file start.cif (mmCIF, C-alpha atoms and all ligand atoms)
data_entry
#
loop_
_atom_site.label_atom_id
_atom_site.label_comp_id
_atom_site.auth_asym_id
_atom_site.auth_seq_id
_atom_site.Cartn_x
_atom_site.Cartn_y
_atom_site.Cartn_z
CA MET A 1 169.22 118.60 116.12
CA GLY A 2 168.09 121.68 118.09
CA LYS A 3 167.44 121.29 121.77
CA THR A 4 163.79 120.89 122.79
CA LYS A 5 162.53 123.76 124.95
CA LEU A 6 160.85 122.65 128.16
CA ILE A 7 157.86 124.84 129.03
CA THR A 8 155.97 124.38 132.30
CA SER A 9 153.85 127.53 132.49
CA ILE A 10 150.52 127.67 130.65
CA ASP A 11 150.81 131.44 130.10
CA GLU A 12 154.32 131.14 128.68
CA MET A 13 153.18 128.36 126.35
CA LYS A 14 150.27 130.51 125.15
CA GLU A 15 152.62 133.43 124.43
CA ILE A 16 154.88 131.18 122.39
CA VAL A 17 151.89 129.81 120.44
CA LYS A 18 150.73 133.37 119.75
CA ASP A 19 154.11 134.25 118.26
CA LEU A 20 154.26 131.04 116.20
CA LYS A 21 150.81 131.80 114.79
CA LEU A 22 151.85 135.38 113.93
CA GLU A 23 154.78 133.93 112.01
CA GLY A 24 152.30 131.76 110.12
CA LEU A 25 153.83 128.49 111.33
CA SER A 26 151.77 125.31 111.54
CA ILE A 27 151.70 123.46 114.85
CA GLY A 28 151.53 119.69 115.29
CA PHE A 29 150.66 118.40 118.75
CA VAL A 30 151.42 115.04 120.36
CA PRO A 31 149.72 114.58 123.76
CA THR A 32 151.32 111.98 126.05
CA MET A 33 151.61 110.97 129.68
CA GLY A 34 155.38 110.67 129.30
CA TYR A 35 157.84 107.88 129.93
CA LEU A 36 158.25 108.06 126.19
CA HIS A 37 158.88 105.05 123.96
CA ASP A 38 159.00 104.28 120.24
CA GLY A 39 155.19 104.42 119.99
CA HIS A 40 155.27 108.06 121.09
CA ILE A 41 158.29 108.75 118.88
CA SER A 42 156.40 107.52 115.82
CA LEU A 43 153.70 110.14 116.54
CA MET A 44 156.35 112.85 116.89
CA ASN A 45 157.83 111.87 113.53
CA CYS A 46 154.39 112.02 111.88
CA SER A 47 153.93 115.50 113.31
CA LYS A 48 157.36 116.68 112.22
CA LYS A 49 156.65 115.54 108.69
CA ASP A 50 153.39 117.52 108.43
CA ASN A 51 154.08 120.66 110.47
CA ASP A 52 156.57 123.51 110.96
CA ILE A 53 156.56 123.13 114.73
CA THR A 54 155.98 120.07 116.91
CA VAL A 55 154.82 120.33 120.51
CA VAL A 56 154.75 117.26 122.76
CA SER A 57 152.93 117.40 126.07
CA VAL A 58 153.85 115.24 129.03
CA PHE A 59 151.12 115.31 131.65
CA VAL A 60 149.90 112.44 133.82
CA ASN A 61 146.29 113.54 133.86
CA PRO A 62 144.82 112.79 137.30
CA ILE A 63 141.19 113.08 136.24
CA GLN A 64 141.41 110.20 133.77
CA PHE A 65 142.49 107.72 136.46
CA GLY A 66 140.01 105.83 138.60
CA LYS A 67 140.32 105.64 142.39
CA ASN A 68 142.07 102.26 142.42
CA GLU A 69 144.19 102.85 139.34
CA ASP A 70 147.88 103.60 138.96
CA TYR A 71 148.00 107.43 138.98
CA GLU A 72 150.52 107.56 141.85
CA LYS A 73 152.83 104.87 140.53
CA TYR A 74 152.60 105.79 136.81
CA PRO A 75 156.25 106.02 135.59
CA ARG A 76 157.58 109.57 135.36
CA ASP A 77 160.99 110.76 134.10
CA ILE A 78 160.84 114.22 132.55
CA GLU A 79 164.63 114.48 132.07
CA ARG A 80 164.63 111.29 130.02
CA ASP A 81 161.57 112.48 128.08
CA LEU A 82 163.27 115.81 127.33
CA GLU A 83 166.33 114.03 126.01
CA ILE A 84 164.19 111.82 123.76
CA CYS A 85 162.33 114.86 122.44
CA SER A 86 165.65 116.60 121.72
CA ASN A 87 166.96 113.57 119.86
CA VAL A 88 163.82 113.41 117.74
CA GLY A 89 163.90 117.16 117.06
CA VAL A 90 160.73 118.18 118.86
CA ASP A 91 160.49 121.96 119.27
CA TYR A 92 158.65 122.25 122.59
CA LEU A 93 157.96 119.88 125.47
CA PHE A 94 154.99 121.22 127.40
CA HIS A 95 154.88 119.88 130.96
CA PRO A 96 152.37 121.84 133.04
CA SER A 97 151.81 121.20 136.74
CA GLN A 98 148.69 119.49 138.01
CA LYS A 99 147.99 122.58 140.13
CA GLU A 100 147.96 124.90 137.16
CA MET A 101 145.90 122.55 135.01
CA TYR A 102 143.36 121.85 137.76
CA PRO A 103 143.14 124.63 140.36
CA GLU A 104 141.23 123.71 143.50
CA ASP A 105 137.91 125.07 142.27
CA TYR A 106 138.20 123.48 138.81
CA SER A 107 134.70 122.56 137.61
CA THR A 108 134.40 122.21 133.81
CA PHE A 109 134.36 118.86 131.96
CA VAL A 110 133.74 117.54 128.46
CA VAL A 111 131.57 114.45 128.07
CA VAL A 112 131.40 112.52 124.79
CA GLU A 113 128.40 110.21 124.84
CA GLY A 114 127.55 107.12 122.79
CA ILE A 115 131.03 105.69 122.27
CA THR A 116 132.42 105.97 125.79
CA GLU A 117 130.11 103.54 127.59
CA ILE A 118 131.63 100.39 126.07
CA LEU A 119 135.07 98.72 125.96
CA CYS A 120 137.44 100.59 128.30
CA GLY A 121 134.69 103.08 129.19
CA ALA A 122 132.60 100.29 130.70
CA TYR A 123 135.36 99.44 133.18
CA ARG A 124 137.05 102.83 133.76
CA GLU A 125 134.33 105.15 135.01
CA GLY A 126 135.00 108.77 134.09
CA HIS A 127 138.12 107.87 132.11
CA PHE A 128 137.06 109.32 128.77
CA LYS A 129 135.54 112.37 130.44
CA GLY A 130 139.01 113.00 131.87
CA VAL A 131 140.67 112.39 128.51
CA ALA A 132 138.27 114.59 126.51
CA THR A 133 138.59 117.37 129.07
CA VAL A 134 142.38 117.43 129.17
CA VAL A 135 142.73 117.18 125.39
CA ASN A 136 140.28 120.05 125.04
CA LYS A 137 142.34 122.12 127.44
CA PHE A 138 145.52 121.35 125.51
CA PHE A 139 143.84 122.26 122.22
CA ASN A 140 142.84 125.62 123.70
CA ILE A 141 146.34 126.30 124.99
CA LEU A 142 148.28 125.09 121.94
CA LYS A 143 145.84 125.81 119.08
CA PRO A 144 147.39 123.02 117.00
CA ASN A 145 146.63 122.62 113.30
CA ARG A 146 146.98 118.87 113.70
CA ALA A 147 147.00 116.47 116.65
CA TYR A 148 148.42 112.95 116.58
CA PHE A 149 146.98 109.98 118.47
CA GLY A 150 148.06 106.35 118.38
CA LYS A 151 145.72 103.56 117.34
CA LYS A 152 147.07 101.69 120.36
CA ASP A 153 144.32 103.57 122.23
CA TYR A 154 141.77 103.02 119.50
CA GLN A 155 138.71 104.06 121.48
CA GLN A 156 140.48 107.21 122.69
CA LEU A 157 141.23 108.18 119.08
CA LYS A 158 137.57 107.76 118.13
CA VAL A 159 136.39 109.71 121.18
CA ILE A 160 138.66 112.64 120.33
CA GLN A 161 137.63 112.58 116.67
CA ARG A 162 133.98 112.62 117.75
CA MET A 163 134.57 115.50 120.17
CA VAL A 164 136.34 117.56 117.50
CA ARG A 165 133.56 116.92 115.00
CA ASP A 166 130.71 117.56 117.43
CA LEU A 167 132.20 120.76 118.86
CA ASN A 168 133.37 122.07 115.46
CA MET A 169 136.92 122.32 116.71
CA ASP A 170 139.55 123.59 114.29
CA VAL A 171 142.07 120.79 114.51
CA GLU A 172 142.74 117.79 112.34
CA VAL A 173 142.96 114.61 114.43
CA ILE A 174 145.28 112.05 112.89
CA GLY A 175 145.40 108.38 113.90
CA CYS A 176 148.85 106.77 113.67
CA PRO A 177 149.75 103.05 113.51
CA LEU A 178 150.13 100.93 116.64
CA ILE A 179 153.82 100.26 117.28
CA ARG A 180 154.88 96.88 118.70
CA GLU A 181 158.03 95.41 120.19
CA LYS A 182 159.84 93.02 117.84
CA ASP A 183 158.09 90.05 119.44
CA GLY A 184 154.64 91.60 119.04
CA LEU A 185 153.88 93.16 122.44
CA ALA A 186 152.20 96.55 121.97
CA MET A 187 154.51 99.25 123.30
CA SER A 188 153.24 100.93 126.44
CA SER A 189 154.71 102.90 129.33
CA ARG A 190 152.94 100.37 131.57
CA ASN A 191 155.06 97.48 130.22
CA LYS A 192 157.64 98.70 132.74
CA TYR A 193 155.46 97.20 135.49
CA LEU A 194 155.83 93.64 134.13
CA SER A 195 158.13 91.11 135.76
CA PRO A 196 160.09 88.88 133.34
CA GLU A 197 157.50 86.12 133.86
CA GLU A 198 154.59 88.51 133.29
CA ARG A 199 156.31 89.87 130.19
CA LYS A 200 156.14 86.35 128.73
CA SER A 201 152.45 86.05 129.57
CA ALA A 202 151.75 89.50 128.10
CA LEU A 203 152.93 88.20 124.76
CA SER A 204 149.82 86.01 124.63
CA ILE A 205 147.73 89.11 123.88
CA SER A 206 149.30 90.00 120.53
CA LYS A 207 149.70 86.31 119.69
CA ALA A 208 145.96 85.78 120.18
CA LEU A 209 145.06 88.87 118.14
CA PHE A 210 147.33 87.85 115.25
CA GLU A 211 145.88 84.33 115.31
CA ALA A 212 142.30 85.67 115.31
CA LYS A 213 143.08 87.92 112.37
CA ARG A 214 144.58 84.96 110.52
CA ARG A 215 141.42 82.89 111.17
CA PHE A 216 139.26 85.81 110.00
CA GLU A 217 141.27 86.00 106.79
CA GLU A 218 140.70 82.27 106.34
CA GLY A 219 136.95 82.90 106.49
CA GLU A 220 135.86 82.80 110.14
CA THR A 221 133.42 85.71 110.63
CA ASN A 222 131.61 84.57 113.76
CA PRO A 223 132.64 87.01 116.52
CA GLU A 224 131.96 84.44 119.24
CA ALA A 225 134.27 81.90 117.59
CA LEU A 226 137.03 84.51 117.17
CA LYS A 227 136.61 85.71 120.75
CA LYS A 228 136.73 82.15 122.08
CA LEU A 229 139.95 81.52 120.17
CA ILE A 230 141.48 84.62 121.76
CA ARG A 231 140.26 83.70 125.26
CA ASP A 232 141.64 80.16 124.92
CA ILE A 233 145.09 81.35 123.85
CA ILE A 234 145.41 84.02 126.52
CA SER A 235 144.05 81.94 129.37
CA SER A 236 146.59 79.20 128.61
CA TYR A 237 149.30 81.57 129.91
CA PRO A 238 149.83 82.05 133.68
CA ASN A 239 148.70 85.20 135.49
CA THR A 240 146.38 86.49 132.77
CA LYS A 241 142.80 87.68 133.30
CA ILE A 242 140.81 89.02 130.39
CA GLN A 243 138.71 92.08 131.22
CA TYR A 244 137.04 92.25 127.83
CA VAL A 245 137.50 91.12 124.27
CA GLU A 246 135.11 92.60 121.70
CA ILE A 247 134.78 92.92 117.95
CA VAL A 248 133.48 96.34 117.01
CA ASP A 249 132.89 98.49 113.97
CA GLY A 250 136.05 100.54 113.32
CA GLU A 251 134.14 103.83 113.15
CA THR A 252 131.09 103.58 115.41
CA LEU A 253 132.59 101.06 117.88
CA LYS A 254 129.26 99.22 117.81
CA PHE A 255 129.38 95.46 118.52
CA LYS A 256 129.20 93.26 115.44
CA GLU A 257 127.13 90.14 114.78
CA LYS A 258 129.40 89.23 111.90
CA ALA A 259 133.03 90.28 111.66
CA GLU A 260 133.90 92.30 108.57
CA LYS A 261 136.94 93.96 107.05
CA GLY A 262 137.49 97.30 108.82
CA ASP A 263 136.27 95.99 112.19
CA VAL A 264 138.53 96.10 115.20
CA ILE A 265 139.17 93.44 117.82
CA ALA A 266 139.77 95.31 121.06
CA ILE A 267 141.00 93.72 124.25
CA ALA A 268 141.96 94.55 127.82
CA VAL A 269 143.85 92.00 129.90
CA PHE A 270 145.28 92.02 133.41
CA VAL A 271 148.70 90.41 133.51
CA GLY A 272 149.35 90.16 137.23
CA ASP A 273 148.24 93.58 138.47
CA THR A 274 149.03 95.36 135.21
CA ARG A 275 146.16 96.21 132.90
CA LEU A 276 147.20 96.10 129.24
CA ILE A 277 145.14 97.01 126.17
CA ASP A 278 145.70 96.04 122.58
CA ASN A 279 143.72 95.81 119.36
CA ILE A 280 143.96 94.72 115.77
CA GLU A 281 142.21 96.02 112.66
CA LEU A 282 140.67 93.33 110.45
P1 LIG B 1 150.13 107.64 126.59
O1 LIG B 1 151.38 108.34 126.98
O2 LIG B 1 150.18 106.16 126.86
O3 LIG B 1 148.91 108.31 127.13
O4 LIG B 1 150.04 107.73 125.02
C1 LIG B 1 150.15 108.96 124.36
C2 LIG B 1 149.87 108.77 122.90
O5 LIG B 1 150.78 107.83 122.36
C3 LIG B 1 148.46 108.21 122.64
O6 LIG B 1 147.93 108.81 121.46
C4 LIG B 1 148.73 106.76 122.45
O7 LIG B 1 147.76 106.11 121.64
C5 LIG B 1 150.06 106.80 121.74
N1 LIG B 1 150.72 105.51 121.91
C6 LIG B 1 151.02 104.88 123.06
N2 LIG B 1 151.56 103.67 122.81
C7 LIG B 1 151.59 103.53 121.47
C8 LIG B 1 152.00 102.50 120.57
N3 LIG B 1 152.50 101.35 121.02
N4 LIG B 1 151.87 102.72 119.25
C9 LIG B 1 151.35 103.87 118.78
N5 LIG B 1 150.94 104.87 119.56
C10 LIG B 1 151.06 104.71 120.89
#
call {"tool": "encode", "arguments": {"input": "start.cif", "output": "structure tokens"}}
result
Amino acid sequence: MGKTKLITSIDEMKEIVKDLKLEGLSIGFVPTMGYLHDGHISLMNCSKKDNDITVVSVFVNPIQFGKNEDYEKYPRDIERDLEICSNVGVDYLFHPSQKEMYPEDYSTFVVVEGITEILCGAYREGHFKGVATVVNKFFNILKPNRAYFGKKDYQQLKVIQRMVRDLNMDVEVIGCPLIREKDGLAMSSRNKYLSPEERKSALSISKALFEAKRRFEEGETNPEALKKLIRDIISSYPNTKIQYVEIVDGETLKFKEKAEKGDVIAIAVFVGDTRLIDNIEL
């Protein structure tokens, strides 16, 4: 496998992209905040399959974190990330500095309305504005043919798809399956925060989602009944606090009065101080 090239300068990255385009090569892009795991790797593999060149970005985007969130303590290990990218056969790892991405007088933002006020958006003010803005910047720098997002962050995927549609952007946004640990826990860089005890409690989230899906398949379509089932399972584990659990349309993210195939159960739970999200498609 060729070694992944680490690029930290925006101008250098743009020059490389210009040359790749002149050669007629297609570019697949996987945006991440780093501390890479198998969820990220699955996106890289999707990109490698579809494109000549794969670019992964690692950037802990300050403007998508709220004041009391974990921007400072978010796990970072660029050497480890570079090694993972090399092993997977990623061509470029783009790791720009915060200073270059957001100079002091930075003042331009992208706001996607209508699907950002609910679920995570209701509790993380400005989060999706930060996400849409940074993804837009990356699209401008990297001019990817395709960009890969995990369904782990289901609302984020829908926000980006909406932005690309509304702004007539020339990139295909591809949603990839949510990857779980063997025992069911959704993979996340934030799982690193969990103590062994909390790790056990965190398992309640996927357990509850699987159980709700099973009940739906048996015929339960009342969202309140499904949500109660989930709340009961999760709250029976120590140190868990549900922030929200909702059943929404898989496309519009609108709340449902009756659960149907194609809907998504989305959930955010604090386990100790760690906020985890997960979801399941019905
Ligand atoms: P993050 O580094 O957490 O911002 O995630 C970067 C990308 O990887 C996003 O598109 C996430 O949805 C995706 N991702 C993170 N965890 C998973 C997972 N467990 N399964 C699939 N995709 C994931």
call {"tool": "residues_near_ligand", "arguments": {"input": "start.cif", "ligand": "ligand LIG 1 (chain B)", "cutoff": "7 Å", "atoms": "only C-alpha atoms and all ligand atoms", "output": "number ranges by chain"}}
result
A: 30-34, 36, 39-40, 42-43, 148-153, 176-180, 186-189
call {"tool": "atom_distance", "arguments": {"input": "start.cif", "atom1": "atom CA of A:Asn68", "atom2": "atom CA of A:Arg275"}}
result
12.0 Å
call {"tool": "atom_distance", "arguments": {"input": "start.cif", "atom1": "atom CA of A:Lys241", "atom2": "atom CA of A:Asp273"}}
result
9.5 Å
call {"tool": "closest_residue", "arguments": {"input": "start.cif", "among": "A:Asn168, A:Asn191, A:Ser9, A:Ser47", "to": "A:Tyr35", "atoms": "all atoms listed in the file"}}
result
A:Asn191
call {"tool": "residues_around", "arguments": {"input": "start.cif", "residues": "A:Ile10", "least_positions_apart": "5", "cutoff": "9 Å", "atoms": "all atoms listed in the file", "output": "ChimeraX atom specification"}}
result
/A:15,94-97,100-101,141
call {"tool": "residues_around", "arguments": {"input": "start.cif", "residues": "A:Leu282", "least_positions_apart": "5", "cutoff": "10 Å", "atoms": "only C-alpha atoms", "output": "list in words"}}
result
Leu209, Phe210, Ala212, Lys213, Arg214, Phe216, Glu217, Ile247, Asp249, Gly250, Ala259, Glu260, Lys261, Gly262, Asp263, Val264 and Ile265 of chain A
call {"tool": "write_last_selection", "arguments": {"input": "start.cif", "atoms": "C-alpha atoms", "output": "short mmCIF file (atom, residue, chain, number, x, y, z; two decimals), keeping the file's coordinate frame"}}
result
data_model
loop_
_atom_site.label_atom_id
_atom_site.label_comp_id
_atom_site.auth_asym_id
_atom_site.auth_seq_id
_atom_site.Cartn_x
_atom_site.Cartn_y
_atom_site.Cartn_z
CA LEU A 209 145.06 88.87 118.14
CA PHE A 210 147.33 87.85 115.25
CA ALA A 212 142.30 85.67 115.31
CA LYS A 213 143.08 87.92 112.37
CA ARG A 214 144.58 84.96 110.52
CA PHE A 216 139.26 85.81 110.00
CA GLU A 217 141.27 86.00 106.79
CA ILE A 247 134.78 92.92 117.95
CA ASP A 249 132.89 98.49 113.97
CA GLY A 250 136.05 100.54 113.32
CA ALA A 259 133.03 90.28 111.66
CA GLU A 260 133.90 92.30 108.57
CA LYS A 261 136.94 93.96 107.05
CA GLY A 262 137.49 97.30 108.82
CA ASP A 263 136.27 95.99 112.19
CA VAL A 264 138.53 96.10 115.20
CA ILE A 265 139.17 93.44 117.82
#
call {"tool": "closest_residue", "arguments": {"input": "start.cif", "among": "A:Ile41, A:Leu194, A:Leu6, A:Leu22", "to": "A:Glu79", "atoms": "only C-alpha atoms"}}
result
A:Leu6
call {"tool": "atom_distance", "arguments": {"input": "start.cif", "atom1": "atom CA of A:Tyr74", "atom2": "atom CA of A:Asp11"}}
result
26.6 Å
call {"tool": "closest_residue", "arguments": {"input": "start.cif", "among": "A:Val88, A:Ala202, A:Val58, A:Val17", "to": "A:Asp38", "atoms": "all atoms listed in the file"}}
result
A:Val88
call {"tool": "residues_around", "arguments": {"input": "start.cif", "residues": "A:Val55", "least_positions_apart": "6", "cutoff": "8 Å", "atoms": "all atoms listed in the file", "output": "PyMOL selection string"}}
result
chain A and resi 27-30+90-94
call {"tool": "closest_atom_pairs", "arguments": {"input": "start.cif", "of": "stretch 174-253 of chain A", "to": "stretch 111-126 of chain A", "cutoff": "10 Å", "atoms": "all atoms listed in the file", "output": "tab-separated table"}}
result
residue	atom	partner	partner_atom	distance
A:Gln243	CA	A:Tyr123	CA	8.3
A:Tyr244	CA	A:Leu119	CA	7.0
A:Val245	CA	A:Leu119	CA	8.2
A:Glu246	CA	A:Leu119	CA	7.5
A:Ile247	CA	A:Leu119	CA	9.9
A:Val248	CA	A:Leu119	CA	9.4
A:Glu251	CA	A:Ile115	CA	9.8
A:Thr252	CA	A:Ile115	CA	7.2
A:Leu253	CA	A:Ile115	CA	6.6
call {"tool": "closest_residue", "arguments": {"input": "start.cif", "among": "A:Asn145, A:Asn140, A:Thr108, A:Asn222", "to": "A:Ile53", "atoms": "all atoms listed in the file"}}
result
A:Asn145
call {"tool": "closest_residue", "arguments": {"input": "start.cif", "among": "A:Leu226, A:Met13, A:Ile267, A:Ile205", "to": "A:Phe139", "atoms": "all atoms listed in the file"}}
result
A:Met13
call {"tool": "axis_aligned_box", "arguments": {"input": "start.cif", "around": "stretch 191-208 of chain A", "padding_each_side": "5 Å", "output": "AutoDock Vina command-line options"}}
result
--center_x 153.0 --center_y 92.2 --center_z 127.7 --size_x 24.1 --size_y 22.9 --size_z 26.1
call {"tool": "closest_residue", "arguments": {"input": "start.cif", "among": "A:Lys21, A:Lys207, A:Lys254, A:Lys228", "to": "A:Asp52", "atoms": "all atoms listed in the file"}}
result
A:Lys21
call {"tool": "residues_around", "arguments": {"input": "start.cif", "residues": "A:Leu167", "least_positions_apart": "3", "cutoff": "12 Å", "atoms": "all atoms listed in the file", "output": "MDAnalysis selection string"}}
result
chainID A and resid 110:112 132 136 160:164 170:171
call {"tool": "build_atoms", "arguments": {"input": "start.cif", "residues": "stretch 200-210 of chain A", "atoms": "all heavy atoms", "output": "PDB file, in the frame of the given file"}}
result
ATOM      1  N   LYS A 200     156.387  87.511 129.601  1.00  0.00           N
ATOM      2  CA  LYS A 200     156.140  86.350 128.730  1.00  0.00           C
ATOM      3  C   LYS A 200     154.643  86.129 128.555  1.00  0.00           C
ATOM      4  O   LYS A 200     154.167  85.844 127.457  1.00  0.00           O
ATOM      5  CB  LYS A 200     156.772  85.083 129.336  1.00  0.00           C
ATOM      6  CG  LYS A 200     158.269  85.017 129.132  1.00  0.00           C
ATOM      7  CD  LYS A 200     158.830  83.707 129.691  1.00  0.00           C
ATOM      8  CE  LYS A 200     160.314  83.865 130.003  1.00  0.00           C
ATOM      9  NZ  LYS A 200     160.774  82.990 131.071  1.00  0.00           N
ATOM     10  N   SER A 201     153.902  86.245 129.653  1.00  0.00           N
ATOM     11  CA  SER A 201     152.450  86.050 129.570  1.00  0.00           C
ATOM     12  C   SER A 201     151.779  87.142 128.739  1.00  0.00           C
ATOM     13  O   SER A 201     150.796  86.894 128.036  1.00  0.00           O
ATOM     14  CB  SER A 201     151.832  86.044 130.970  1.00  0.00           C
ATOM     15  OG  SER A 201     152.145  84.842 131.631  1.00  0.00           O
ATOM     16  N   ALA A 202     152.334  88.362 128.827  1.00  0.00           N
ATOM     17  CA  ALA A 202     151.750  89.500 128.100  1.00  0.00           C
ATOM     18  C   ALA A 202     151.805  89.280 126.588  1.00  0.00           C
ATOM     19  O   ALA A 202     150.976  89.795 125.830  1.00  0.00           O
ATOM     20  CB  ALA A 202     152.482  90.787 128.469  1.00  0.00           C
ATOM     21  N   LEU A 203     152.776  88.478 126.185  1.00  0.00           N
ATOM     22  CA  LEU A 203     152.930  88.200 124.760  1.00  0.00           C
ATOM     23  C   LEU A 203     151.737  87.433 124.189  1.00  0.00           C
ATOM     24  O   LEU A 203     151.470  87.463 122.983  1.00  0.00           O
ATOM     25  CB  LEU A 203     154.222  87.391 124.568  1.00  0.00           C
ATOM     26  CG  LEU A 203     154.893  87.522 123.219  1.00  0.00           C
ATOM     27  CD1 LEU A 203     155.126  88.973 122.860  1.00  0.00           C
ATOM     28  CD2 LEU A 203     156.227  86.770 123.244  1.00  0.00           C
ATOM     29  N   SER A 204     151.003  86.768 125.073  1.00  0.00           N
ATOM     30  CA  SER A 204     149.820  86.010 124.630  1.00  0.00           C
ATOM     31  C   SER A 204     148.795  86.928 123.973  1.00  0.00           C
ATOM     32  O   SER A 204     148.015  86.483 123.124  1.00  0.00           O
ATOM     33  CB  SER A 204     149.185  85.286 125.817  1.00  0.00           C
ATOM     34  OG  SER A 204     148.660  86.220 126.745  1.00  0.00           O
ATOM     35  N   ILE A 205     148.779  88.193 124.365  1.00  0.00           N
ATOM     36  CA  ILE A 205     147.730  89.110 123.880  1.00  0.00           C
ATOM     37  C   ILE A 205     147.893  89.340 122.376  1.00  0.00           C
ATOM     38  O   ILE A 205     146.957  89.133 121.593  1.00  0.00           O
ATOM     39  CB  ILE A 205     147.784  90.451 124.645  1.00  0.00           C
ATOM     40  CG1 ILE A 205     147.646  90.219 126.157  1.00  0.00           C
ATOM     41  CG2 ILE A 205     146.688  91.389 124.144  1.00  0.00           C
ATOM     42  CD1 ILE A 205     147.973  91.438 127.006  1.00  0.00           C
ATOM     43  N   SER A 206     149.095  89.758 121.965  1.00  0.00           N
ATOM     44  CA  SER A 206     149.300  90.000 120.530  1.00  0.00           C
ATOM     45  C   SER A 206     149.236  88.688 119.750  1.00  0.00           C
ATOM     46  O   SER A 206     148.693  88.640 118.642  1.00  0.00           O
ATOM     47  CB  SER A 206     150.626  90.723 120.289  1.00  0.00           C
ATOM     48  OG  SER A 206     151.695  90.021 120.881  1.00  0.00           O
ATOM     49  N   LYS A 207     149.756  87.634 120.344  1.00  0.00           N
ATOM     50  CA  LYS A 207     149.700  86.310 119.690  1.00  0.00           C
ATOM     51  C   LYS A 207     148.256  85.961 119.359  1.00  0.00           C
ATOM     52  O   LYS A 207     147.939  85.528 118.248  1.00  0.00           O
ATOM     53  CB  LYS A 207     150.239  85.251 120.657  1.00  0.00           C
ATOM     54  CG  LYS A 207     151.607  84.759 120.324  1.00  0.00           C
ATOM     55  CD  LYS A 207     151.877  83.463 121.092  1.00  0.00           C
ATOM     56  CE  LYS A 207     153.163  82.877 120.581  1.00  0.00           C
ATOM     57  NZ  LYS A 207     153.903  82.166 121.572  1.00  0.00           N
ATOM     58  N   ALA A 208     147.371  86.134 120.350  1.00  0.00           N
ATOM     59  CA  ALA A 208     145.960  85.780 120.180  1.00  0.00           C
ATOM     60  C   ALA A 208     145.306  86.662 119.116  1.00  0.00           C
ATOM     61  O   ALA A 208     144.519  86.188 118.291  1.00  0.00           O
ATOM     62  CB  ALA A 208     145.228  85.918 121.514  1.00  0.00           C
ATOM     63  N   LEU A 209     145.654  87.947 119.132  1.00  0.00           N
ATOM     64  CA  LEU A 209     145.060  88.870 118.140  1.00  0.00           C
ATOM     65  C   LEU A 209     145.524  88.507 116.726  1.00  0.00           C
ATOM     66  O   LEU A 209     144.728  88.508 115.786  1.00  0.00           O
ATOM     67  CB  LEU A 209     145.427  90.321 118.467  1.00  0.00           C
ATOM     68  CG  LEU A 209     144.755  90.927 119.707  1.00  0.00           C
ATOM     69  CD1 LEU A 209     145.279  92.329 119.970  1.00  0.00           C
ATOM     70  CD2 LEU A 209     143.233  90.947 119.564  1.00  0.00           C
ATOM     71  N   PHE A 210     146.811  88.220 116.582  1.00  0.00           N
ATOM     72  CA  PHE A 210     147.330  87.850 115.250  1.00  0.00           C
ATOM     73  C   PHE A 210     146.646  86.575 114.757  1.00  0.00           C
ATOM     74  O   PHE A 210     146.286  86.452 113.591  1.00  0.00           O
ATOM     75  CB  PHE A 210     148.844  87.629 115.288  1.00  0.00           C
ATOM     76  CG  PHE A 210     149.657  88.869 115.579  1.00  0.00           C
ATOM     77  CD1 PHE A 210     150.860  88.778 116.277  1.00  0.00           C
ATOM     78  CD2 PHE A 210     149.230  90.124 115.163  1.00  0.00           C
ATOM     79  CE1 PHE A 210     151.620  89.917 116.546  1.00  0.00           C
ATOM     80  CE2 PHE A 210     149.981  91.263 115.430  1.00  0.00           C
ATOM     81  CZ  PHE A 210     151.172  91.159 116.133  1.00  0.00           C
TER      82      PHE A 210
END
